[in-house]
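In what follows, a structure is listed as structure tokens, so that the remarks can point back to it.
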There are 2 protein chains.
Amino acid sequence: MSGEAGAVERPVYRQGDDYDHAMPYDPSAFPPFAVTVDLVVLTVRKDALCSLVVRRGEPPYQGRWALPGGFVRDDEGLEAAASRELAEETGLRSQAAEGHRGGAHLEQLATYGAPQRDPRMRVVSVAYLVLAPDLPSPVAGGDARSARWAPSDALLDASEGLGRDAEQQAPLAFDHGQILQDGVERARSKIEYSSLATAFCPPEFTVGELRRVYEAVWGVALDPRNFHRKVTGTPGFLVPTGGTTTRQGGRPAQLFRTGEATVLNPPMLRPEA
Amino acid sequence: MSGEAGAVERPVYRQGDDYDHAMPYDPSAFPPFAVTVDLVVLTVRKDALCSLVVRRGEPPYQGRWALPGGFVRDDEGLEAAASRELAEETGLRSQAAEGHRGGAHLEQLATYGAPQRDPRMRVVSVAYLVLAPDLPSPVAGGDARSARWAPSDALLDASEGLGRDAEQQAPLAFDHGQILQDGVERARSKIEYSSLATAFCPPEFTVGELRRVYEAVWGVALDPRNFHRKVTGTPGFLVPTGGTTTRQGGRPAQLFRTGEATVLNPPMLRPEA
DNA sequence: AAAATAGTGTCTTTGAGACAGTATACT
DNA sequence: AGTATACTGTCTCAAAGACACTATTTT
């Protein structure tokens with residue numbers, strides 16, 4: 001635990017020494033780590049789940065795609081660092097966990113700290129998951145580096161087998177393939193039992209648009225009629241705004257916004273197949 | 001991201017400076033953090049969910065209970081550190097994620113890194129969740145520090161309101177109350193849709209013993225008959241060993257061991273009440 | 001005998017899946 | 001008219017919840 005630095009029996013760090021000697025507490029007697037945040041930013045574009053990736057300008061992995069992220073500053077919290085990086089890279093405002101309206105959903109995903117995951121130094125990276133609606137301007141704001149949305153499954157396929165195309169299909173830098181995979185799996189399972197799928201939608205959306213989000217994230221086809229019955233029948237999930245739209249063609253569809261409910265009980269069931 | 005150290009526009013760390021100046025990559029130009037692992041070790045004892053806590057011998061929070069844990073060494077991975085600390089504190093062998101038989105279940109929980117969570121220095125702690133069967137010897141092995149099992153709800157009640165008893169009921173040190181709460185909630189939700197509840201049981205156990213695990217973790221009463229039908233009817237959940245036991249009194253009960261299934265579909269439903 | 005635990009069977013209700021059929025837009 | 005999407009309703013089946021009832025032990 002963090003409060004253990006003073007325990008006498010605890011092995012503590014001394015440069016170039018081993019850990020097996022009991023020694024008194026020394027503020028500098030711990031191995032220094034760099035701590036970063038990496039972002040899995042997901043959205044649904046053209047009926048496909050997409051992730052934000054940036055091209056690396058420096059070695060290692062120069063020219064390869066990677067997840068956006070950066071160092072945690074010594075006076076800021078982890079979520080604050082993730083939120084700041086998100087704003088710098090995309091211009092998106094995040095809205096943590098119990099999210100108020102208007103911001104992208106942001107939650108901690110997992111932490112990655114294999115000793116050799118970065119060849120330059122010991123880096124522990126806290127990954128965050130961001131779910132955002134499709135952005136009108138691809139990646140507004142941010143710095144000058146090249147960034148793009150890429151279909152998640154293409155990135156993941158490439159990260160597993162051999163890259164098919166050297167350039168576009170190359171696996172992600174570092175262990176970012178694993179991080180992305182964990183993020184996608186988290187998103188896939190979380191929309192089952194929470195109302196989080198609406199984080200992929202604009203403020204007002206139709207049942208059909210929400211269904212296409214589920215279909216894109218899960219990669220399956222859902223019965224439009226049973227889906228409609230399910231989501232409109234779950235109290236607190238969707239609130240009708242009164243308006244309608246025909247932006248999807250066909251009969252005008254009712255517009256909804258996200259309701260107060262955050263948990264779906266019973267859950268949306270993901271078809272097995 | 002961890003690979004961003006070389007990006008020119010990235011704000012990088014310089015001792016005593018601010019972050020708003022672009023500067024070239026420098027291996028030492030990042031804020032140094034201490035990285036620790038904290039363990040939420042849960043077991044079921046006397047029909048109550050209990051957590052392993054150790055008494056602190058040094059300031060800060062001297063004399064208060066805290067979660068076991070310690071520094072990550074500079075050549076070991078995060079899970080390896082958690083596994084090592086677990087062995088040092090309890091003598092338990094862990095069996096990570098896709099656990100083989102015989103070890104306690106260990107999985108990453110979350111990471112806590114608020115700037116002032118440890119008054120002495122900037123510490124980022126990666127918390128791990130351990131689920132273990134009730135141990136015959138309370139806490140075998142480990143070092144000389146005082147350690148004990150404490151009912152989780154008593155620790156959590158105390159961490160919220162004012163401590164009722166100053167000594168025994170005092171809230172946990174640091175942010176360990178929050179970490180414990182997150183760990184308990186993870187365990188509660190995970191036994192719904194996985195076979196993880198068997199991690200609280202000895203290698204061979206009865207349906208009644210497994211039911212008492214669910215009842216202790218969730219804090220509810222379950223119908224023994226419906227529970228029996230559910231768990232024995234889920235393929236791959238339980239495998240009969242052929243033996244029976246009367247250690248719970250009453251009619252002899254069949255003994256089971258954990259099956260191959262890791263995910264429960266459909267899940268065990270937690271009563272709402 | 002009484003009490004405790006183990007296990008089976010039966011009925012009801014909820015809800016998911018399949019799919020017929022109607023409504024209202026655009027081309 | 002043809003087609004696309006939106007929405008309602010109906011049937012069937014799986015499974016959870018609420019029990020009644022039997023079986024086998026200890027006290």
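We name chains A, B, ... following the order of the structure tokens; residues begin at 1 in each chain, and ligands are numbered from 1 as shown.
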
Report task. Return the neighbours of chain C among the residues of chain A, cut-off 8 Å, counting only C-alpha atoms (C1' of nucleotides), as an NGL selection string. Result -> :A and (226 or 246 or 249-252)

Those residues you just picked out, can you put them in a file as a PDB file, in the first residue's frame with all heavy atoms?
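File produced: selection05.pdb:
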```
ATOM      1  N   ASN A 226     -38.058  -5.522 -31.898  1.00  0.00           N
ATOM      2  CA  ASN A 226     -37.804  -5.917 -30.514  1.00  0.00           C
ATOM      3  C   ASN A 226     -36.932  -4.880 -29.805  1.00  0.00           C
ATOM      4  O   ASN A 226     -37.122  -4.617 -28.616  1.00  0.00           O
ATOM      5  CB  ASN A 226     -37.129  -7.286 -30.476  1.00  0.00           C
ATOM      6  CG  ASN A 226     -38.073  -8.391 -30.911  1.00  0.00           C
ATOM      7  OD1 ASN A 226     -39.302  -8.249 -30.834  1.00  0.00           O
ATOM      8  ND2 ASN A 226     -37.512  -9.489 -31.381  1.00  0.00           N
ATOM      9  N   THR A 246     -36.582  13.254 -39.931  1.00  0.00           N
ATOM     10  CA  THR A 246     -36.598  12.297 -41.036  1.00  0.00           C
ATOM     11  C   THR A 246     -35.187  12.155 -41.590  1.00  0.00           C
ATOM     12  O   THR A 246     -34.992  11.744 -42.721  1.00  0.00           O
ATOM     13  CB  THR A 246     -37.535  12.755 -42.172  1.00  0.00           C
ATOM     14  OG1 THR A 246     -37.094  14.026 -42.631  1.00  0.00           O
ATOM     15  CG2 THR A 246     -38.958  12.830 -41.687  1.00  0.00           C
ATOM     16  N   GLY A 249     -34.364   9.132 -43.375  1.00  0.00           N
ATOM     17  CA  GLY A 249     -35.275   8.716 -44.427  1.00  0.00           C
ATOM     18  C   GLY A 249     -36.437   7.946 -43.845  1.00  0.00           C
ATOM     19  O   GLY A 249     -36.410   7.532 -42.689  1.00  0.00           O
ATOM     20  N   GLY A 250     -37.472   7.761 -44.654  1.00  0.00           N
ATOM     21  CA  GLY A 250     -38.615   6.993 -44.175  1.00  0.00           C
ATOM     22  C   GLY A 250     -39.528   7.792 -43.284  1.00  0.00           C
ATOM     23  O   GLY A 250     -39.445   9.026 -43.217  1.00  0.00           O
ATOM     24  N   ARG A 251     -40.384   7.106 -42.606  1.00  0.00           N
ATOM     25  CA  ARG A 251     -41.364   7.732 -41.718  1.00  0.00           C
ATOM     26  C   ARG A 251     -40.657   8.554 -40.638  1.00  0.00           C
ATOM     27  O   ARG A 251     -39.644   8.110 -40.101  1.00  0.00           O
ATOM     28  CB  ARG A 251     -42.225   6.637 -41.096  1.00  0.00           C
ATOM     29  CG  ARG A 251     -43.101   7.094 -39.958  1.00  0.00           C
ATOM     30  CD  ARG A 251     -43.971   5.949 -39.504  1.00  0.00           C
ATOM     31  NE  ARG A 251     -44.593   6.220 -38.221  1.00  0.00           N
ATOM     32  CZ  ARG A 251     -45.411   5.387 -37.606  1.00  0.00           C
ATOM     33  NH1 ARG A 251     -45.683   4.204 -38.163  1.00  0.00           N
ATOM     34  NH2 ARG A 251     -45.946   5.680 -36.454  1.00  0.00           N
ATOM     35  N   PRO A 252     -41.193   9.727 -40.283  1.00  0.00           N
ATOM     36  CA  PRO A 252     -40.558  10.551 -39.249  1.00  0.00           C
ATOM     37  C   PRO A 252     -40.433   9.783 -37.940  1.00  0.00           C
ATOM     38  O   PRO A 252     -41.354   9.063 -37.541  1.00  0.00           O
ATOM     39  CB  PRO A 252     -41.522  11.733 -39.096  1.00  0.00           C
ATOM     40  CG  PRO A 252     -42.325  11.752 -40.338  1.00  0.00           C
ATOM     41  CD  PRO A 252     -42.406  10.336 -40.817  1.00  0.00           C
TER      42      PRO A 252
END
```

field: Test item: chain B residues at most 6 Å from chain A, counting only C-alpha atoms, as JSON, numbers by chain
entry: {"B": [1, 2, 4, 6, 31, 32, 33, 34, 36, 37, 38, 58, 68, 69, 70, 74, 75, 77, 78, 113, 114, 115]}

Write the selection just made, keeping all heavy atoms, as a CSV table (one decimal), in the first residue's frame?
```csv
chain,number,residue,atom,x,y,z
B,1,MET,N,0.1,9.4,-24.0
B,1,MET,CA,0.5,8.0,-24.1
B,1,MET,C,2.0,7.9,-23.7
B,1,MET,O,2.7,8.9,-23.7
B,1,MET,CB,0.4,7.5,-25.6
B,1,MET,CG,1.4,8.2,-26.5
B,1,MET,SD,1.2,7.8,-28.2
B,1,MET,CE,2.1,9.2,-28.9
B,2,SER,N,2.4,6.8,-23.5
B,2,SER,CA,3.7,6.6,-23.0
B,2,SER,C,4.8,6.9,-24.1
B,2,SER,O,5.9,7.2,-23.8
B,2,SER,CB,3.9,5.1,-22.5
B,2,SER,OG,3.1,4.3,-23.3
B,4,GLU,N,4.9,9.3,-26.0
B,4,GLU,CA,4.8,10.7,-26.4
B,4,GLU,C,5.9,11.6,-25.9
B,4,GLU,O,6.0,12.8,-26.2
B,4,GLU,CB,3.5,11.3,-25.8
B,4,GLU,CG,3.0,12.4,-26.5
B,4,GLU,CD,2.0,12.0,-27.6
B,4,GLU,OE1,1.0,11.4,-27.2
B,4,GLU,OE2,2.3,12.1,-28.8
B,6,GLY,N,8.7,12.2,-26.8
B,6,GLY,CA,9.5,12.9,-27.8
B,6,GLY,C,8.8,14.0,-28.5
B,6,GLY,O,9.3,14.8,-29.3
B,31,PRO,N,7.9,14.0,-14.4
B,31,PRO,CA,7.7,14.1,-13.0
B,31,PRO,C,7.9,12.7,-12.4
B,31,PRO,O,7.2,11.8,-12.8
B,31,PRO,CB,6.3,14.6,-12.8
B,31,PRO,CG,5.8,14.9,-14.1
B,31,PRO,CD,6.6,14.2,-15.1
B,32,PRO,N,8.7,12.5,-11.4
B,32,PRO,CA,8.9,11.2,-10.8
B,32,PRO,C,7.8,10.8,-9.9
B,32,PRO,O,7.4,11.6,-9.0
B,32,PRO,CB,10.2,11.3,-10.1
B,32,PRO,CG,10.4,12.7,-9.7
B,32,PRO,CD,9.6,13.5,-10.8
B,33,PHE,N,7.2,9.6,-10.0
B,33,PHE,CA,6.2,9.1,-9.1
B,33,PHE,C,6.7,7.9,-8.4
B,33,PHE,O,7.5,7.2,-9.0
B,33,PHE,CB,5.0,8.7,-10.0
B,33,PHE,CG,4.2,9.8,-10.5
B,33,PHE,CD1,4.6,10.6,-11.5
B,33,PHE,CD2,2.9,10.1,-10.0
B,33,PHE,CE1,3.9,11.7,-12.1
B,33,PHE,CE2,2.1,11.1,-10.5
B,33,PHE,CZ,2.6,11.9,-11.6
B,34,ALA,N,6.2,7.7,-7.2
B,34,ALA,CA,6.3,6.3,-6.6
B,34,ALA,C,5.0,5.5,-7.1
B,34,ALA,O,3.9,6.1,-7.1
B,34,ALA,CB,6.3,6.4,-5.1
B,36,THR,N,2.9,2.1,-6.2
B,36,THR,CA,2.6,1.0,-5.3
B,36,THR,C,1.5,0.1,-5.7
B,36,THR,O,0.8,0.5,-6.7
B,36,THR,CB,2.3,1.6,-3.9
B,36,THR,OG1,1.1,2.3,-4.0
B,36,THR,CG2,3.4,2.5,-3.3
B,37,VAL,N,1.4,-1.0,-5.1
B,37,VAL,CA,0.2,-1.9,-5.3
B,37,VAL,C,-0.5,-1.9,-3.9
B,37,VAL,O,0.2,-2.1,-2.9
B,37,VAL,CB,0.5,-3.3,-5.8
B,37,VAL,CG1,0.9,-3.2,-7.3
B,37,VAL,CG2,1.5,-4.0,-5.0
B,38,ASP,N,-1.8,-1.8,-3.9
B,38,ASP,CA,-2.6,-2.1,-2.7
B,38,ASP,C,-3.5,-3.2,-3.0
B,38,ASP,O,-4.0,-3.4,-4.1
B,38,ASP,CB,-3.5,-0.8,-2.4
B,38,ASP,CG,-2.6,0.3,-1.8
B,38,ASP,OD1,-1.6,0.0,-1.2
B,38,ASP,OD2,-3.0,1.5,-1.9
B,58,GLU,N,3.7,3.2,11.5
B,58,GLU,CA,4.4,4.4,11.3
B,58,GLU,C,3.5,5.5,10.9
B,58,GLU,O,2.4,5.2,10.3
B,58,GLU,CB,5.5,4.3,10.2
B,58,GLU,CG,6.2,3.0,10.1
B,58,GLU,CD,7.3,2.8,11.2
B,58,GLU,OE1,7.9,3.8,11.5
B,58,GLU,OE2,7.5,1.7,11.7
B,68,PRO,N,-3.1,-4.0,2.9
B,68,PRO,CA,-1.8,-4.4,2.6
B,68,PRO,C,-1.3,-4.0,1.3
B,68,PRO,O,-2.1,-3.8,0.3
B,68,PRO,CB,-1.8,-5.9,2.7
B,68,PRO,CG,-3.3,-6.3,2.5
B,68,PRO,CD,-4.1,-5.1,2.9
B,69,GLY,N,0.0,-3.8,1.1
B,69,GLY,CA,0.5,-3.4,-0.2
B,69,GLY,C,2.0,-3.0,0.0
B,69,GLY,O,2.6,-3.1,1.0
B,70,GLY,N,2.5,-2.5,-1.1
B,70,GLY,CA,3.9,-2.0,-1.1
B,70,GLY,C,4.4,-1.5,-2.4
B,70,GLY,O,3.6,-1.5,-3.4
B,74,ASP,N,11.6,-1.9,-9.5
B,74,ASP,CA,11.8,-1.3,-10.8
B,74,ASP,C,12.0,-2.3,-11.9
B,74,ASP,O,12.1,-2.0,-13.0
B,74,ASP,CB,12.9,-0.3,-10.7
B,74,ASP,CG,14.3,-1.0,-10.5
B,74,ASP,OD1,14.2,-2.2,-10.2
B,74,ASP,OD2,15.3,-0.3,-10.5
B,75,ASP,N,12.0,-3.6,-11.5
B,75,ASP,CA,12.2,-4.6,-12.5
B,75,ASP,C,11.0,-5.6,-12.6
B,75,ASP,O,11.1,-6.7,-13.2
B,75,ASP,CB,13.5,-5.4,-12.3
B,75,ASP,CG,13.5,-6.1,-11.0
B,75,ASP,OD1,12.6,-5.7,-10.1
B,75,ASP,OD2,14.4,-6.9,-10.8
B,77,GLY,N,6.7,-6.4,-12.9
B,77,GLY,CA,5.4,-6.0,-13.5
B,77,GLY,C,4.4,-5.7,-12.3
B,77,GLY,O,4.7,-6.0,-11.2
B,78,LEU,N,3.3,-5.1,-12.7
B,78,LEU,CA,2.3,-4.7,-11.6
B,78,LEU,C,1.7,-5.9,-11.0
B,78,LEU,O,1.6,-6.0,-9.8
B,78,LEU,CB,1.3,-3.8,-12.3
B,78,LEU,CG,1.8,-2.5,-12.9
B,78,LEU,CD1,0.6,-1.7,-13.6
B,78,LEU,CD2,2.5,-1.6,-11.9
B,113,GLY,N,-4.6,8.0,-7.8
B,113,GLY,CA,-3.4,8.8,-7.9
B,113,GLY,C,-3.7,10.3,-7.6
B,113,GLY,O,-3.1,11.2,-8.2
B,114,ALA,N,-4.7,10.6,-6.7
B,114,ALA,CA,-4.9,12.0,-6.4
B,114,ALA,C,-3.6,12.6,-5.8
B,114,ALA,O,-2.8,11.9,-5.1
B,114,ALA,CB,-6.0,12.1,-5.3
B,115,PRO,N,-3.3,13.8,-6.2
B,115,PRO,CA,-2.0,14.4,-5.8
B,115,PRO,C,-1.7,14.3,-4.3
B,115,PRO,O,-0.5,14.1,-4.0
B,115,PRO,CB,-2.1,15.9,-6.3
B,115,PRO,CG,-3.1,15.8,-7.4
B,115,PRO,CD,-4.1,14.7,-7.0
```

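Distances here use only C-alpha atoms (C1' of nucleotides); by that measure, the residue among A:Arg225, A:Lys46, A:His105, A:Arg188 closest to DG9 (chain D) is A:Arg225.
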
- Going by DSSP on the backbone, which bits of region 39-261 of chain A are helix (DSSP H, G or I)? Write them as a PyMOL selection string, please. chain A and resi 78-90+152-160+176-193+196-200+207-218+224-233

Leu172 (chain A) surroundings by only C-alpha atoms (C1' of nucleotides), 10 Å radius, close-in-sequence under 4 positions cut, as a list of chain:residue names
A:Val53, A:Val54, A:Arg55, A:Tyr61, A:Arg64, A:Trp65, A:Ala66, A:Leu67, A:Leu155, A:Leu156, A:Ala158, A:Ser159, A:His176, A:Gly177, A:Gln178, A:Ile179, A:Leu180

Discussion item. Using only C-alpha atoms (C1' of nucleotides), can you tell me which of B:Gly242, B:Pro202, B:Pro271, B:Gly63 comes closest to chain D?
Written reply: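 When distances to chain D are compared using only C-alpha atoms (C1' of nucleotides), the smallest one comes from B:Pro271.
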
Min atom-atom distance to Val263 (chain A) from the set A:Gly243, A:Pro171, A:Pro151, A:Pro235, counting only C-alpha atoms, belongs to A:Pro235

task: May I have all residues of region 39-235 of chain B that DSSP, computed from the backbone, assigns to strand (DSSP E), given as a PyMOL selection string?
output: chain B and resi 39-45+48-55+65-66+69-71+94-96+104-112+123-131+147-151

Handout entry: chain A contacts on chain D, only C-alpha atoms (C1' of nucleotides), 9 Å, as a VMD selection string
Key = chain D and resid 3 to 8

Quick one: write out the picked residues with N, CA and C atoms (P, O5', C5', C4', C3', O3' and C1' of nucleotides) as a PDB file, in the first residue's frame?
```
ATOM      1  P    DT D   3     -39.430  -2.275 -54.838  1.00  0.00           P
ATOM      2  O5'  DT D   3     -38.753  -1.381 -53.699  1.00  0.00           O
ATOM      3  C5'  DT D   3     -38.021  -0.199 -54.076  1.00  0.00           C
ATOM      4  C4'  DT D   3     -37.699   0.613 -52.839  1.00  0.00           C
ATOM      5  C3'  DT D   3     -37.303  -0.228 -51.622  1.00  0.00           C
ATOM      6  O3'  DT D   3     -36.167   0.349 -51.016  1.00  0.00           O
ATOM      7  C1'  DT D   3     -38.954   1.311 -51.031  1.00  0.00           C
ATOM      8  P    DA D   4     -35.166  -0.547 -50.137  1.00  0.00           P
ATOM      9  O5'  DA D   4     -34.912   0.342 -48.837  1.00  0.00           O
ATOM     10  C5'  DA D   4     -34.514   1.706 -48.975  1.00  0.00           C
ATOM     11  C4'  DA D   4     -35.120   2.504 -47.845  1.00  0.00           C
ATOM     12  C3'  DA D   4     -34.932   1.870 -46.470  1.00  0.00           C
ATOM     13  O3'  DA D   4     -34.012   2.633 -45.708  1.00  0.00           O
ATOM     14  C1'  DA D   4     -37.143   2.743 -46.779  1.00  0.00           C
ATOM     15  P    DT D   5     -33.400   1.971 -44.380  1.00  0.00           P
ATOM     16  O5'  DT D   5     -34.284   2.595 -43.200  1.00  0.00           O
ATOM     17  C5'  DT D   5     -34.361   3.999 -43.030  1.00  0.00           C
ATOM     18  C4'  DT D   5     -35.620   4.337 -42.275  1.00  0.00           C
ATOM     19  C3'  DT D   5     -35.696   3.744 -40.870  1.00  0.00           C
ATOM     20  O3'  DT D   5     -35.673   4.791 -39.914  1.00  0.00           O
ATOM     21  C1'  DT D   5     -37.762   3.556 -42.043  1.00  0.00           C
ATOM     22  P    DA D   6     -35.805   4.493 -38.358  1.00  0.00           P
ATOM     23  O5'  DA D   6     -37.384   4.512 -38.125  1.00  0.00           O
ATOM     24  C5'  DA D   6     -38.119   5.685 -38.452  1.00  0.00           C
ATOM     25  C4'  DA D   6     -39.524   5.624 -37.871  1.00  0.00           C
ATOM     26  C3'  DA D   6     -39.599   5.141 -36.429  1.00  0.00           C
ATOM     27  O3'  DA D   6     -40.526   5.964 -35.740  1.00  0.00           O
ATOM     28  C1'  DA D   6     -40.932   3.754 -37.795  1.00  0.00           C
ATOM     29  P    DC D   7     -40.564   5.938 -34.127  1.00  0.00           P
ATOM     30  O5'  DC D   7     -41.609   4.780 -33.859  1.00  0.00           O
ATOM     31  C5'  DC D   7     -42.993   5.040 -34.208  1.00  0.00           C
ATOM     32  C4'  DC D   7     -43.791   3.773 -34.179  1.00  0.00           C
ATOM     33  C3'  DC D   7     -43.834   2.991 -32.867  1.00  0.00           C
ATOM     34  O3'  DC D   7     -45.033   3.345 -32.187  1.00  0.00           O
ATOM     35  C1'  DC D   7     -43.924   1.610 -34.818  1.00  0.00           C
ATOM     36  P    DT D   8     -45.464   2.598 -30.857  1.00  0.00           P
ATOM     37  O5'  DT D   8     -46.354   1.384 -31.392  1.00  0.00           O
ATOM     38  C5'  DT D   8     -47.456   1.646 -32.257  1.00  0.00           C
ATOM     39  C4'  DT D   8     -48.308   0.392 -32.406  1.00  0.00           C
ATOM     40  C3'  DT D   8     -48.526  -0.405 -31.118  1.00  0.00           C
ATOM     41  O3'  DT D   8     -49.893  -0.782 -31.040  1.00  0.00           O
ATOM     42  C1'  DT D   8     -47.628  -1.814 -32.777  1.00  0.00           C
TER      43       DT D   8
END
```

Students should find that CA of Leu42 (chain A) and CA of Met268 (chain A) are spaced 20.0 Å

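For the choices B:Ala48, B:Tyr193, B:Leu238, B:Glu260, the atom-to-atom distance to Asp153 (chain B) is smallest for B:Ala48 when using only C-alpha atoms.
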
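Here C1' of DG2 (chain D) is placed at a distance of 25.3 Å from CA of Arg211 (chain A).
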
**OP:** Using only C-alpha atoms (C1' of nucleotides), determine which residues lie at most 8 Å from Cys201 (chain B), disregarding the query and same-chain residues fewer than 4 positions distant; provide the list as a PyMOL selection string.
**Re:** chain B and resi 132-134+197+205+209-210+213

Writer output for current selection, N, CA, C and O atoms, as an mmCIF file, in the first residue's frame:
```cif
data_model
loop_
_atom_site.group_PDB
_atom_site.id
_atom_site.type_symbol
_atom_site.label_atom_id
_atom_site.label_comp_id
_atom_site.auth_asym_id
_atom_site.auth_seq_id
_atom_site.Cartn_x
_atom_site.Cartn_y
_atom_site.Cartn_z
ATOM 1 N N ALA B 132 -10.270 -15.062 -1.926
ATOM 2 C CA ALA B 132 -9.638 -16.252 -1.360
ATOM 3 C C ALA B 132 -10.624 -17.024 -0.499
ATOM 4 O O ALA B 132 -11.540 -16.434 0.082
ATOM 5 N N PRO B 133 -10.456 -18.335 -0.401
ATOM 6 C CA PRO B 133 -11.268 -19.109 0.525
ATOM 7 C C PRO B 133 -10.893 -18.742 1.961
ATOM 8 O O PRO B 133 -9.822 -18.181 2.207
ATOM 9 N N ASP B 134 -11.777 -19.078 2.886
ATOM 10 C CA ASP B 134 -11.486 -18.827 4.288
ATOM 11 C C ASP B 134 -10.244 -19.620 4.665
ATOM 12 O O ASP B 134 -10.131 -20.805 4.377
ATOM 13 N N ALA B 197 -17.562 -16.758 -7.717
ATOM 14 C CA ALA B 197 -17.927 -16.994 -6.317
ATOM 15 C C ALA B 197 -17.236 -18.250 -5.784
ATOM 16 O O ALA B 197 -16.968 -18.352 -4.580
ATOM 17 N N PHE B 205 -16.770 -28.287 -2.456
ATOM 18 C CA PHE B 205 -17.784 -27.545 -1.695
ATOM 19 C C PHE B 205 -19.173 -28.024 -2.100
ATOM 20 O O PHE B 205 -19.339 -28.682 -3.131
ATOM 21 N N GLU B 209 -22.982 -24.391 0.565
ATOM 22 C CA GLU B 209 -21.845 -23.531 0.903
ATOM 23 C C GLU B 209 -21.677 -22.424 -0.128
ATOM 24 O O GLU B 209 -21.405 -21.264 0.216
ATOM 25 N N LEU B 210 -21.861 -22.767 -1.398
ATOM 26 C CA LEU B 210 -21.768 -21.741 -2.445
ATOM 27 C C LEU B 210 -22.885 -20.710 -2.282
ATOM 28 O O LEU B 210 -22.662 -19.509 -2.451
ATOM 29 N N VAL B 213 -22.023 -18.220 0.282
ATOM 30 C CA VAL B 213 -21.090 -17.227 -0.238
ATOM 31 C C VAL B 213 -21.849 -16.078 -0.904
ATOM 32 O O VAL B 213 -21.625 -14.896 -0.604
#
```
